[in-house]
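Coordinates from target_37.txt are shown below (compact mmCIF, C-alpha atoms (C1' of nucleotides)).
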# COMPACT_ATOMS: atom_id res chain seq x y z
CA MET C 1 59.78 28.23 -3.15
CA PRO C 2 62.04 26.29 -0.76
CA ARG C 3 63.48 28.36 2.00
CA SER C 4 67.04 27.66 0.99
CA LEU C 5 66.45 29.46 -2.28
CA SER C 6 64.69 32.52 -0.92
CA LYS C 7 66.70 35.70 -0.87
CA ASP C 8 68.84 37.01 1.96
CA PHE C 9 67.71 39.92 4.03
CA SER C 10 69.52 43.18 3.39
CA PRO C 11 71.38 44.95 6.22
CA VAL C 12 68.70 47.64 6.30
CA GLN C 13 65.98 45.02 6.54
CA LEU C 14 67.83 43.18 9.28
CA GLN C 15 68.16 46.38 11.28
CA GLY C 16 64.46 47.12 10.93
CA ILE C 17 63.57 43.57 11.89
CA ALA C 18 65.85 43.78 14.94
CA GLU C 19 64.08 46.96 16.06
CA MET C 20 60.70 45.31 15.71
CA PHE C 21 61.89 42.37 17.81
CA ALA C 22 63.23 44.85 20.37
CA SER C 23 59.74 46.30 20.67
CA LEU C 24 58.52 42.81 21.46
CA SER C 25 61.36 41.86 23.79
CA ASP C 26 59.79 43.04 27.02
CA GLY C 27 57.39 41.11 29.22
CA SER C 28 55.28 44.14 30.11
CA ARG C 29 54.76 45.07 26.49
CA LEU C 30 53.76 41.54 25.53
CA THR C 31 51.40 41.48 28.51
CA ILE C 32 49.81 44.69 27.27
CA LEU C 33 49.47 43.34 23.73
CA ASN C 34 47.99 40.15 25.10
CA SER C 35 45.51 42.13 27.17
CA LEU C 36 44.37 43.92 24.01
CA ARG C 37 43.88 40.66 22.21
CA THR C 38 40.39 40.08 23.57
CA SER C 39 39.19 43.60 22.96
CA PRO C 40 40.39 47.20 22.63
CA ALA C 41 40.68 49.04 25.93
CA PHE C 42 41.31 52.40 27.53
CA VAL C 43 44.59 52.95 29.30
CA SER C 44 42.91 52.68 32.68
CA GLU C 45 41.41 49.34 31.66
CA ILE C 46 44.78 48.08 30.52
CA CYS C 47 46.15 48.99 33.94
CA LEU C 48 43.42 46.95 35.58
CA ARG C 49 43.81 43.99 33.25
CA THR C 50 47.59 43.81 33.60
CA GLY C 51 48.25 45.19 37.07
CA LEU C 52 50.87 47.56 35.66
CA LYS C 53 51.22 51.16 36.82
CA GLN C 54 49.71 53.91 34.67
CA ALA C 55 52.96 55.68 33.85
CA ASN C 56 54.51 52.42 32.80
CA VAL C 57 51.55 51.43 30.66
CA SER C 58 51.57 54.79 28.88
CA LYS C 59 55.28 54.51 28.24
CA GLN C 60 55.09 50.98 26.84
CA LEU C 61 52.04 51.86 24.76
CA GLY C 62 54.08 54.67 23.22
CA ILE C 63 56.78 52.21 22.22
CA LEU C 64 54.21 49.81 20.79
CA ARG C 65 52.49 52.58 18.87
CA ARG C 66 55.73 53.88 17.40
CA ALA C 67 56.46 50.32 16.28
CA GLY C 68 53.09 50.23 14.54
CA LEU C 69 51.80 47.41 16.70
CA VAL C 70 48.90 49.23 18.32
CA GLN C 71 46.77 52.21 17.40
CA SER C 72 44.87 54.68 19.53
CA ARG C 73 41.79 56.80 19.15
CA ARG C 74 40.52 59.39 21.56
CA GLN C 75 37.04 58.88 22.94
CA GLY C 76 36.06 61.86 25.02
CA ASN C 77 38.13 61.90 28.11
CA GLN C 78 39.90 58.64 27.42
CA ILE C 79 42.03 57.02 24.77
CA LYS C 80 41.20 53.61 23.43
CA TYR C 81 44.03 51.38 22.28
CA SER C 82 43.69 48.44 19.95
CA ILE C 83 45.86 45.94 18.10
CA ARG C 84 46.98 47.29 14.78
CA GLU C 85 49.00 44.27 13.73
CA PRO C 86 47.45 40.89 14.57
CA MET C 87 50.50 39.22 13.08
CA VAL C 88 52.19 39.82 16.41
CA PHE C 89 50.17 36.92 17.82
CA ASP C 90 51.30 34.76 14.93
CA LEU C 91 54.87 35.58 15.94
CA CYS C 92 54.16 34.74 19.56
CA GLY C 93 52.50 31.49 18.54
CA ILE C 94 55.48 30.41 16.47
CA VAL C 95 57.88 31.19 19.30
CA CYS C 96 55.66 29.55 21.86
CA ARG C 97 55.57 26.32 19.87
CA LYS C 98 59.34 26.39 19.64
CA LEU C 99 59.64 26.86 23.40
CA ARG C 100 57.34 23.89 23.97
CA ARG C 101 59.38 21.77 21.56
CA ASP C 102 62.59 22.72 23.37
CA ALA C 103 61.09 21.99 26.77
CA ARG C 104 59.80 18.62 25.66
CA GLN C 105 63.16 17.74 24.19
CA ARG C 106 64.91 18.71 27.40
CA VAL C 107 62.68 16.27 29.27
CA VAL C 108 63.59 13.50 26.86
CA MET C 109 67.30 14.27 27.17
CA LEU C 110 67.11 13.67 30.91
CA HIS C 111 65.89 10.08 30.44
CA MET T 1 39.96 28.37 14.65
CA PRO T 2 39.62 32.17 14.39
CA ARG T 3 42.33 34.05 16.19
CA SER T 4 39.88 35.83 18.46
CA LEU T 5 38.89 32.52 20.00
CA SER T 6 42.37 31.11 20.53
CA LYS T 7 43.64 31.06 24.08
CA ASP T 8 45.61 33.78 25.82
CA PHE T 9 49.27 33.32 26.54
CA SER T 10 50.16 32.69 30.16
CA PRO T 11 52.51 35.05 32.02
CA VAL T 12 55.23 32.40 31.95
CA GLN T 13 54.79 31.92 28.22
CA LEU T 14 54.89 35.67 27.64
CA GLN T 15 58.12 35.95 29.57
CA GLY T 16 59.70 33.15 27.58
CA ILE T 17 58.51 34.66 24.33
CA ALA T 18 59.92 38.04 25.36
CA GLU T 19 63.31 36.46 26.03
CA MET T 20 63.30 34.80 22.63
CA PHE T 21 62.53 38.13 20.98
CA ALA T 22 65.33 39.69 23.01
CA SER T 23 67.73 37.17 21.50
CA LEU T 24 66.57 38.37 18.09
CA SER T 25 66.57 42.07 18.89
CA ASP T 26 70.13 42.84 17.85
CA GLY T 27 71.34 43.64 14.35
CA SER T 28 74.61 41.75 14.75
CA ARG T 29 72.86 38.60 15.87
CA LEU T 30 70.41 38.73 12.98
CA THR T 31 73.32 39.32 10.63
CA ILE T 32 75.02 36.21 11.98
CA LEU T 33 71.86 34.14 11.63
CA ASN T 34 71.39 35.44 8.11
CA SER T 35 74.98 34.52 7.27
CA LEU T 36 74.29 30.96 8.41
CA ARG T 37 71.21 30.73 6.25
CA THR T 38 73.11 29.75 3.13
CA SER T 39 75.29 27.19 4.83
CA PRO T 40 76.83 26.25 8.18
CA ALA T 41 80.13 27.94 8.88
CA PHE T 42 83.09 28.07 11.25
CA VAL T 43 83.44 31.07 13.52
CA SER T 44 86.24 32.45 11.39
CA GLU T 45 84.04 32.17 8.30
CA ILE T 46 81.22 33.98 10.06
CA CYS T 47 83.65 36.78 10.88
CA LEU T 48 84.55 37.04 7.20
CA ARG T 49 80.97 36.90 6.00
CA THR T 50 79.72 39.50 8.43
CA GLY T 51 82.73 41.73 9.04
CA LEU T 52 82.25 41.42 12.80
CA LYS T 53 85.14 40.95 15.23
CA GLN T 54 85.88 37.47 16.53
CA ALA T 55 85.17 38.19 20.19
CA ASN T 56 81.88 39.75 19.29
CA VAL T 57 80.87 36.87 17.03
CA SER T 58 81.68 34.33 19.75
CA LYS T 59 79.69 36.30 22.28
CA GLN T 60 76.61 36.65 20.08
CA LEU T 61 76.84 33.00 19.00
CA GLY T 62 76.73 32.08 22.68
CA ILE T 63 73.51 34.04 23.11
CA LEU T 64 72.01 32.45 20.00
CA ARG T 65 73.01 28.98 21.13
CA ARG T 66 71.58 29.45 24.61
CA ALA T 67 68.34 30.56 22.93
CA GLY T 68 68.33 27.34 20.93
CA LEU T 69 68.57 29.15 17.62
CA VAL T 70 71.92 27.74 16.47
CA GLN T 71 73.88 24.62 17.23
CA SER T 72 77.60 23.89 17.09
CA ARG T 73 79.76 20.90 16.50
CA ARG T 74 83.49 20.71 16.81
CA GLN T 75 85.43 19.72 13.71
CA GLY T 76 89.07 19.32 14.57
CA ASN T 77 90.48 22.68 15.35
CA GLN T 78 87.35 24.62 14.51
CA ILE T 79 83.72 24.78 15.52
CA LYS T 80 81.01 24.72 12.92
CA TYR T 81 77.79 26.57 13.65
CA SER T 82 74.49 25.96 11.93
CA ILE T 83 70.88 27.05 12.15
CA ARG T 84 68.96 24.94 14.62
CA GLU T 85 65.64 26.66 14.21
CA PRO T 86 64.72 27.65 10.65
CA MET T 87 61.52 29.18 11.97
CA VAL T 88 63.58 32.23 12.78
CA PHE T 89 63.53 33.12 9.10
CA ASP T 90 59.77 32.72 9.07
CA LEU T 91 59.64 35.26 11.89
CA CYS T 92 61.92 37.62 9.99
CA GLY T 93 59.82 37.21 6.87
CA ILE T 94 56.62 38.07 8.69
CA VAL T 95 58.17 41.15 10.25
CA CYS T 96 59.78 42.18 6.99
CA ARG T 97 56.44 42.06 5.18
CA LYS T 98 54.92 44.21 7.91
CA LEU T 99 57.72 46.75 7.58
CA ARG T 100 57.15 46.91 3.83
CA ARG T 101 53.41 47.37 4.36
CA ASP T 102 54.07 50.20 6.81
CA ALA T 103 56.55 51.89 4.51
CA ARG T 104 54.17 51.69 1.56
CA GLN T 105 51.35 53.08 3.64
CA ARG T 106 53.52 55.96 4.77
CA VAL T 107 54.14 56.85 1.14
CA VAL T 108 50.42 56.84 0.43
CA MET T 109 49.73 59.03 3.47
CA LEU T 110 52.01 61.72 2.05
CA HIS T 111 49.92 62.07 -1.10
C1' DT O 1 106.21 18.37 25.13
C1' DG O 2 106.03 22.95 22.88
C1' DA O 3 104.40 26.15 19.39
C1' DC O 4 100.54 27.54 17.03
C1' DA O 5 95.66 28.27 15.43
C1' DA O 6 90.74 28.71 16.57
C1' DT O 7 87.44 29.87 19.78
C1' DA O 8 85.67 31.30 24.35
C1' DT O 9 85.81 34.13 28.33
C1' DT O 10 86.76 38.13 31.17
C1' DA O 11 86.88 42.90 32.53
C1' DC O 12 85.60 47.12 31.18
C1' DT O 13 83.22 51.41 29.18
C1' DA O 14 79.57 53.68 27.07
C1' DA O 15 75.05 53.47 25.94
C1' DT O 16 70.44 51.96 26.61
C1' DC O 17 66.38 50.40 29.19
C1' DT O 18 62.87 49.53 32.88
C1' DG O 19 59.94 51.13 36.39
C1' DC O 20 58.73 54.84 39.30
C1' DA O 21 57.28 59.35 41.33
C1' DA O 22 56.28 63.73 40.17
C1' DT O 23 54.61 66.81 36.92
C1' DA O 24 52.52 68.34 32.58
C1' DT O 25 48.94 68.00 29.17
C1' DT O 26 44.34 67.41 27.44
C1' DA O 27 39.43 66.99 27.69
C1' DT O 28 35.08 67.21 30.38
C1' DC O 29 31.76 69.24 33.34
C1' DC O 30 30.12 72.70 36.52
C1' DG I 1 37.21 80.06 33.91
C1' DG I 2 38.24 76.44 37.56
C1' DA I 3 38.10 71.79 39.35
C1' DT I 4 38.55 67.18 38.13
C1' DA I 5 39.70 62.87 35.55
C1' DA I 6 42.55 60.46 32.10
C1' DT I 7 46.74 60.12 29.88
C1' DA I 8 51.49 61.57 28.58
C1' DT I 9 55.97 63.15 29.72
C1' DT I 10 60.11 64.01 32.39
C1' DG I 11 63.94 63.09 35.39
C1' DC I 12 66.10 59.65 37.75
C1' DA I 13 68.25 55.17 39.91
C1' DG I 14 69.38 50.60 39.07
C1' DA I 15 70.01 47.01 35.78
C1' DT I 16 71.24 45.34 31.35
C1' DT I 17 73.65 45.42 26.94
C1' DA I 18 76.98 45.76 22.91
C1' DG I 19 81.51 45.99 21.49
C1' DT I 20 86.46 45.74 22.53
C1' DA I 21 91.14 44.36 24.06
C1' DA I 22 93.37 41.18 26.58
C1' DT I 23 93.60 36.67 28.22
C1' DA I 24 92.29 31.80 28.78
C1' DT I 25 91.03 27.46 26.80
C1' DT I 26 91.07 23.75 23.55
C1' DG I 27 92.78 21.09 19.82
C1' DT I 28 96.45 20.08 16.18
C1' DC I 29 100.82 19.07 14.59
C1' DA I 30 105.77 18.57 14.66
Represent the structure from my file as structure tokens, please.
Amino acid sequence: MPRSLSKDFSPVQLQGIAEMFASLSDGSRLTILNSLRTSPAFVSEICLRTGLKQANVSKQLGILRRAGLVQSRRQGNQIKYSIREPMVFDLCGIVCRKLRRDARQRVVMLH
Amino acid sequence: MPRSLSKDFSPVQLQGIAEMFASLSDGSRLTILNSLRTSPAFVSEICLRTGLKQANVSKQLGILRRAGLVQSRRQGNQIKYSIREPMVFDLCGIVCRKLRRDARQRVVMLH
DNA sequence: TGACAATATTACTAATCTGCAATATTATCC
DNA sequence: GGATAATATTGCAGATTAGTAATATTGTCA
């Protein structure tokens, strides 16, 4: 079905979508997601991988979990986080390609 | 190529991606984009379609334009805005499907 | 040129958000 | 139980944001 014929999003949908994008609109949170891409990790490991402070990592993980983007499971003393929604990397890929397109075009415009 | 083998995003890329998501993280802006989906429109038409105030629409259009999501072209007295990046609706679609999945799963969990 | 219409910008308030230090919670081990 | 380690939460300062009213800009037409 061509895009032009697909249905509009409802106000409720748009609000939900906006909130999901808000969860993804912070560099630290994307860094954390990216660090979980290779493999699940404990909070302390995420701190090491990203260089972010523990309190900050916990806070951002809470936001990501409430958004349904990561999941956690206790393992003894520690809590292991993992990606719950791999589609987030699809989103990032789409955006990243767009950013590259824009950058390339900006180069051309200067010639 | 399986996702697990694709390359990480660089810090610079992640920051850019986060900023793009930030542009999309507001209900009014998504409403404006959605209103432009059917057809390009003048600012005054966007106000009518969305019910948003003129100053607000202009402000949000500025953010969307700076993000490279819409483009504008003057037509006499008015300025016509149009979608510059249809991929934004792909993003919304992906997120929307995820929200539906989550909602459905929440229903199941209550049984 | 002057009046008018369409859009952009500015200044502002209220609300929200990030990162941090300090503290609380939870589980393990002795 | 008490000490310790891992994680979560709280309170806070500084920065950012959305929406608004008022004002500035830009183009059209007489």
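Selected on chain T by distance to chain O: Val43, Ser44, Gln54, Ala55, Ser58, Lys59, Asn77, Gln78 and Ile79 of chain T (within 9 Å, counting all atoms listed in the file).
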Okay, now the selection with C-alpha atoms, as a JSON list (two decimals), in the frame of the given file?
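This is the output file selection26.json:
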[["chain", "number", "residue", "atom", "x", "y", "z"],
["T", 43, "VAL", "CA", 83.44, 31.07, 13.52],
["T", 44, "SER", "CA", 86.24, 32.45, 11.39],
["T", 54, "GLN", "CA", 85.88, 37.47, 16.53],
["T", 55, "ALA", "CA", 85.17, 38.19, 20.19],
["T", 58, "SER", "CA", 81.68, 34.33, 19.75],
["T", 59, "LYS", "CA", 79.69, 36.30, 22.28],
["T", 77, "ASN", "CA", 90.48, 22.68, 15.35],
["T", 78, "GLN", "CA", 87.35, 24.62, 14.51],
["T", 79, "ILE", "CA", 83.72, 24.78, 15.52]]
For this session: At a cut-off of 6 Å, list the chain C residues touching chain T, using all atoms listed in the file, as a list in words.
Result: Gln15, Ala18, Phe21, Ala22, Ser25, Asp26 and Gly27 of chain C
Can I get the residues of chain I within 12 Å of chain C, each with the closest pair of atoms and their distance in Å to one decimal, using all atoms listed in the file, sorted chain first then ascending number, as a tab-separated table?
residue	atom	partner	partner_atom	distance
I:DT4	C1'	C:Asn77	CA	11.3
I:DA5	C1'	C:Asn77	CA	7.7
I:DA6	C1'	C:Gln78	CA	5.7
I:DT7	C1'	C:Ser58	CA	7.3
I:DA8	C1'	C:Ser58	CA	6.8
I:DT9	C1'	C:Lys59	CA	8.8
I:DT10	C1'	C:Ala55	CA	11.1
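The gap separating atom CA of Thr50 of chain T from atom C1' of DA22 of chain I is 22.8 Å, in Å to one decimal.
When only C-alpha atoms are used to measure the gap to Gln71 of chain T, the shortest distance among T:Leu33, T:Arg101, T:Leu48, T:Val107 belongs to T:Leu33.
If you look at atom CA of Arg84 of chain T and atom CA of Arg106 of chain C, they are 14.8 Å away from each other.
The gap separating atom C1' of DT25 of chain I from atom CA of Leu64 of chain T is 20.8 Å, in Å to one decimal.
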Incomplete segment 23-34 of chain T brought to all heavy atoms, written out as a PDB file, keeping the file's coordinate frame:
ATOM      1  N   SER T  23      66.596  37.791  22.195  1.00  0.00           N
ATOM      2  CA  SER T  23      67.730  37.170  21.500  1.00  0.00           C
ATOM      3  C   SER T  23      67.788  37.625  20.040  1.00  0.00           C
ATOM      4  O   SER T  23      68.846  37.625  19.424  1.00  0.00           O
ATOM      5  CB  SER T  23      67.618  35.652  21.539  1.00  0.00           C
ATOM      6  OG  SER T  23      67.562  35.201  22.869  1.00  0.00           O
ATOM      7  N   LEU T  24      66.648  37.992  19.508  1.00  0.00           N
ATOM      8  CA  LEU T  24      66.570  38.370  18.090  1.00  0.00           C
ATOM      9  C   LEU T  24      66.576  39.880  17.896  1.00  0.00           C
ATOM     10  O   LEU T  24      66.416  40.358  16.770  1.00  0.00           O
ATOM     11  CB  LEU T  24      65.299  37.781  17.476  1.00  0.00           C
ATOM     12  CG  LEU T  24      65.229  36.259  17.431  1.00  0.00           C
ATOM     13  CD1 LEU T  24      63.831  35.789  17.045  1.00  0.00           C
ATOM     14  CD2 LEU T  24      66.251  35.720  16.439  1.00  0.00           C
ATOM     15  N   SER T  25      66.770  40.623  18.968  1.00  0.00           N
ATOM     16  CA  SER T  25      66.570  42.070  18.890  1.00  0.00           C
ATOM     17  C   SER T  25      67.851  42.836  18.611  1.00  0.00           C
ATOM     18  O   SER T  25      67.925  44.024  18.874  1.00  0.00           O
ATOM     19  CB  SER T  25      65.959  42.560  20.198  1.00  0.00           C
ATOM     20  OG  SER T  25      66.936  42.492  21.223  1.00  0.00           O
ATOM     21  N   ASP T  26      68.858  42.164  18.115  1.00  0.00           N
ATOM     22  CA  ASP T  26      70.130  42.840  17.850  1.00  0.00           C
ATOM     23  C   ASP T  26      70.554  42.616  16.414  1.00  0.00           C
ATOM     24  O   ASP T  26      70.531  41.483  15.914  1.00  0.00           O
ATOM     25  CB  ASP T  26      71.194  42.319  18.813  1.00  0.00           C
ATOM     26  CG  ASP T  26      72.539  42.951  18.544  1.00  0.00           C
ATOM     27  OD1 ASP T  26      72.720  44.128  18.902  1.00  0.00           O
ATOM     28  OD2 ASP T  26      73.387  42.278  17.935  1.00  0.00           O
ATOM     29  N   GLY T  27      70.959  43.706  15.761  1.00  0.00           N
ATOM     30  CA  GLY T  27      71.340  43.640  14.350  1.00  0.00           C
ATOM     31  C   GLY T  27      72.480  42.665  14.085  1.00  0.00           C
ATOM     32  O   GLY T  27      72.443  41.912  13.106  1.00  0.00           O
ATOM     33  N   SER T  28      73.481  42.661  14.952  1.00  0.00           N
ATOM     34  CA  SER T  28      74.610  41.750  14.750  1.00  0.00           C
ATOM     35  C   SER T  28      74.162  40.304  14.807  1.00  0.00           C
ATOM     36  O   SER T  28      74.583  39.475  13.992  1.00  0.00           O
ATOM     37  CB  SER T  28      75.678  41.995  15.819  1.00  0.00           C
ATOM     38  OG  SER T  28      76.196  43.310  15.701  1.00  0.00           O
ATOM     39  N   ARG T  29      73.314  39.995  15.766  1.00  0.00           N
ATOM     40  CA  ARG T  29      72.860  38.600  15.870  1.00  0.00           C
ATOM     41  C   ARG T  29      72.050  38.197  14.650  1.00  0.00           C
ATOM     42  O   ARG T  29      72.219  37.092  14.117  1.00  0.00           O
ATOM     43  CB  ARG T  29      72.067  38.406  17.165  1.00  0.00           C
ATOM     44  CG  ARG T  29      72.956  38.326  18.386  1.00  0.00           C
ATOM     45  CD  ARG T  29      72.223  37.774  19.591  1.00  0.00           C
ATOM     46  NE  ARG T  29      71.241  38.683  20.151  1.00  0.00           N
ATOM     47  CZ  ARG T  29      71.515  39.647  21.009  1.00  0.00           C
ATOM     48  NH1 ARG T  29      72.762  39.838  21.399  1.00  0.00           N
ATOM     49  NH2 ARG T  29      70.566  40.423  21.471  1.00  0.00           N
ATOM     50  N   LEU T  30      71.185  39.069  14.176  1.00  0.00           N
ATOM     51  CA  LEU T  30      70.410  38.730  12.980  1.00  0.00           C
ATOM     52  C   LEU T  30      71.329  38.590  11.776  1.00  0.00           C
ATOM     53  O   LEU T  30      71.117  37.732  10.919  1.00  0.00           O
ATOM     54  CB  LEU T  30      69.339  39.789  12.714  1.00  0.00           C
ATOM     55  CG  LEU T  30      68.163  39.849  13.688  1.00  0.00           C
ATOM     56  CD1 LEU T  30      67.098  40.807  13.198  1.00  0.00           C
ATOM     57  CD2 LEU T  30      67.574  38.462  13.903  1.00  0.00           C
ATOM     58  N   THR T  31      72.355  39.425  11.724  1.00  0.00           N
ATOM     59  CA  THR T  31      73.320  39.320  10.630  1.00  0.00           C
ATOM     60  C   THR T  31      74.011  37.965  10.655  1.00  0.00           C
ATOM     61  O   THR T  31      74.212  37.329   9.612  1.00  0.00           O
ATOM     62  CB  THR T  31      74.355  40.451  10.730  1.00  0.00           C
ATOM     63  OG1 THR T  31      73.672  41.706  10.699  1.00  0.00           O
ATOM     64  CG2 THR T  31      75.350  40.386   9.582  1.00  0.00           C
ATOM     65  N   ILE T  32      74.374  37.524  11.851  1.00  0.00           N
ATOM     66  CA  ILE T  32      75.020  36.210  11.980  1.00  0.00           C
ATOM     67  C   ILE T  32      74.063  35.102  11.545  1.00  0.00           C
ATOM     68  O   ILE T  32      74.428  34.219  10.766  1.00  0.00           O
ATOM     69  CB  ILE T  32      75.485  35.998  13.435  1.00  0.00           C
ATOM     70  CG1 ILE T  32      76.642  36.949  13.762  1.00  0.00           C
ATOM     71  CG2 ILE T  32      75.896  34.549  13.652  1.00  0.00           C
ATOM     72  CD1 ILE T  32      77.070  36.937  15.215  1.00  0.00           C
ATOM     73  N   LEU T  33      72.840  35.156  12.038  1.00  0.00           N
ATOM     74  CA  LEU T  33      71.860  34.140  11.630  1.00  0.00           C
ATOM     75  C   LEU T  33      71.691  34.140  10.126  1.00  0.00           C
ATOM     76  O   LEU T  33      71.690  33.095   9.478  1.00  0.00           O
ATOM     77  CB  LEU T  33      70.504  34.427  12.314  1.00  0.00           C
ATOM     78  CG  LEU T  33      70.429  34.134  13.808  1.00  0.00           C
ATOM     79  CD1 LEU T  33      69.120  34.636  14.389  1.00  0.00           C
ATOM     80  CD2 LEU T  33      70.589  32.644  14.064  1.00  0.00           C
ATOM     81  N   ASN T  34      71.576  35.324   9.561  1.00  0.00           N
ATOM     82  CA  ASN T  34      71.390  35.440   8.110  1.00  0.00           C
ATOM     83  C   ASN T  34      72.579  34.855   7.356  1.00  0.00           C
ATOM     84  O   ASN T  34      72.429  34.238   6.302  1.00  0.00           O
ATOM     85  CB  ASN T  34      71.199  36.911   7.745  1.00  0.00           C
ATOM     86  CG  ASN T  34      70.710  37.095   6.333  1.00  0.00           C
ATOM     87  OD1 ASN T  34      69.700  36.526   5.946  1.00  0.00           O
ATOM     88  ND2 ASN T  34      71.431  37.898   5.561  1.00  0.00           N
TER      89      ASN T  34
END
